[in-house]
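Structure file final10.txt; described as compact mmCIF, C-alpha atoms.
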```txt
# COMPACT_ATOMS: atom_id res chain seq x y z
CA MET A 1 -176.71 -91.55 -43.74
CA SER A 2 -174.77 -92.34 -46.85
CA GLU A 3 -176.31 -94.88 -49.18
CA THR A 4 -173.39 -96.85 -50.60
CA PRO A 5 -174.28 -99.54 -53.12
CA VAL A 6 -172.92 -103.05 -52.71
CA ARG A 7 -169.96 -103.54 -55.03
CA GLN A 8 -169.83 -106.56 -57.30
CA GLN A 9 -166.38 -107.99 -56.61
CA ASN A 10 -166.21 -110.66 -59.31
CA THR A 11 -165.91 -109.89 -63.00
CA ALA A 12 -167.94 -111.64 -65.68
CA ALA A 13 -164.77 -113.37 -66.90
CA PHE A 14 -164.07 -114.78 -63.44
CA TYR A 15 -167.65 -116.02 -63.15
CA GLY A 16 -167.46 -117.63 -66.59
CA GLN A 17 -164.16 -119.28 -65.77
CA ALA A 18 -165.56 -120.67 -62.51
CA VAL A 19 -168.65 -122.09 -64.25
CA ALA A 20 -166.58 -123.58 -67.08
CA SER A 21 -164.10 -125.09 -64.63
CA PHE A 22 -166.90 -126.65 -62.58
CA GLY A 23 -168.57 -128.06 -65.69
CA LEU A 24 -165.30 -129.50 -67.00
CA ALA A 25 -164.47 -131.10 -63.64
CA VAL A 26 -167.89 -132.73 -63.28
CA THR A 27 -167.86 -133.93 -66.90
CA ALA A 28 -164.36 -135.40 -66.61
CA THR A 29 -165.23 -137.14 -63.36
CA CYS A 30 -168.42 -138.62 -64.81
CA ILE A 31 -166.58 -139.85 -67.91
CA GLY A 32 -163.90 -141.38 -65.69
CA ILE A 33 -166.49 -143.20 -63.59
CA VAL A 34 -168.38 -144.50 -66.64
CA ARG A 35 -165.20 -145.77 -68.34
CA LEU A 36 -163.81 -147.28 -65.13
CA HIS A 37 -163.15 -151.03 -65.43
CA ALA A 38 -165.06 -152.03 -62.32
CA ASP A 39 -168.37 -153.56 -61.33
CA ALA A 40 -171.54 -151.52 -61.70
CA TRP A 41 -171.97 -151.18 -57.94
CA VAL A 42 -168.49 -149.62 -57.63
CA ARG A 43 -169.26 -147.10 -60.36
CA GLY A 44 -172.64 -146.42 -58.74
CA PHE A 45 -170.97 -145.84 -55.37
CA LEU A 46 -168.47 -143.44 -56.92
CA GLY A 47 -171.29 -141.62 -58.73
CA ILE A 48 -173.23 -141.15 -55.49
CA ALA A 49 -170.04 -140.01 -53.75
CA VAL A 50 -169.46 -137.37 -56.45
CA LEU A 51 -173.05 -136.13 -56.15
CA TYR A 52 -172.70 -135.92 -52.36
CA LEU A 53 -169.42 -134.04 -52.69
CA VAL A 54 -170.92 -131.54 -55.14
CA THR A 55 -174.00 -130.86 -53.01
CA SER A 56 -171.94 -130.47 -49.84
CA ALA A 57 -169.57 -128.07 -51.63
CA PHE A 58 -172.53 -125.92 -52.74
CA THR A 59 -173.94 -125.98 -49.21
CA LEU A 60 -170.61 -124.95 -47.74
CA ALA A 61 -170.26 -122.10 -50.25
CA LYS A 62 -173.76 -120.86 -49.40
CA VAL A 63 -173.11 -120.99 -45.64
CA VAL A 64 -169.86 -119.05 -46.03
CA ARG A 65 -171.58 -116.45 -48.26
CA ASP A 66 -174.51 -116.08 -45.86
CA ARG A 67 -172.19 -115.57 -42.90
CA GLN A 68 -170.22 -112.95 -44.81
CA GLU A 69 -173.40 -111.11 -45.88
CA ALA A 70 -174.71 -111.14 -42.30
CA GLY A 71 -171.46 -109.55 -41.15
CA GLN A 72 -171.81 -106.84 -43.79
CA ILE A 73 -175.37 -106.06 -42.68
CA VAL A 74 -174.31 -105.73 -39.04
CA SER A 75 -171.43 -103.52 -40.14
CA ARG A 76 -173.81 -101.30 -42.13
CA VAL A 77 -176.18 -100.93 -39.16
CA ASP A 78 -173.28 -100.00 -36.89
CA GLN A 79 -172.00 -97.51 -39.49
CA ALA A 80 -175.47 -95.94 -39.79
CA ARG A 81 -175.70 -95.54 -36.00
CA LEU A 82 -172.28 -93.93 -35.88
CA GLU A 83 -173.17 -91.52 -38.69
CA LYS A 84 -176.39 -90.56 -36.87
CA LEU A 85 -174.50 -89.89 -33.63
CA LEU A 86 -171.92 -87.80 -35.44
CA ALA A 87 -174.60 -85.83 -37.29
CA GLU A 88 -176.45 -85.07 -34.04
CA HIS A 89 -173.32 -84.15 -32.10
CA ASP A 90 -172.72 -80.43 -31.61
CA PRO A 91 -169.17 -79.80 -30.36
CA PHE A 92 -170.08 -76.22 -29.36
CA GLU A 93 -173.00 -77.22 -27.13
CA LYS A 94 -172.51 -76.34 -23.47
CA LEU A 95 -172.22 -79.31 -21.20
```

Any chance you could put this one into structure tokens?
Amino acid sequence: MSETPVRQQNTAAFYGQAVASFGLAVTATCIGIVRLHADAWVRGFLGIAVLYLVTSAFTLAKVVRDRQEAGQIVSRVDQARLEKLLAEHDPFEKL
């Protein structure tokens, strides 16, 4: 069986850009809510809505990643079985 390492698909620059973008978006939204000319309960509701949106986005990203990783594991097991069958197969063996 071949032991192929898992490739890292994202570069450090892409990761940094994603983190910076997330931080900027959350900061801008929080500043917008704080400076909003509305009652405190409206700003509180919007703050809770932003927190709920952020947590649900992280949960969705984790679920998608977990499903993708599970598919890769199944694919690796299938590939290992195929390699074992091919290694054991002797085309010159009499039937």

Check: What is the atom CA of Tyr15 of chain A to atom CA of Ile33 of chain A distance in Å?
Finding: 27.2 Å

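Going from atom CA of Asp90 of chain A over to atom CA of Gln72 of chain A, you cover 29.1 Å.
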
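Here atom CA of Leu24 of chain A stands at a distance of 26.7 Å from atom CA of Asp66 of chain A.
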
Checklist line | Test item: residues at most 12 Å from Leu51 of chain A, all atoms listed in the file, excluding those fewer than 5 positions along its chain, as a ChimeraX atom specification | finding: /A:26,29-30,44-46,56-58

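If only C-alpha atoms are the atoms counted, then among A:Ala12, A:Val50, A:Leu86, A:Val77 the closest residue to Ala28 of chain A is A:Val50.
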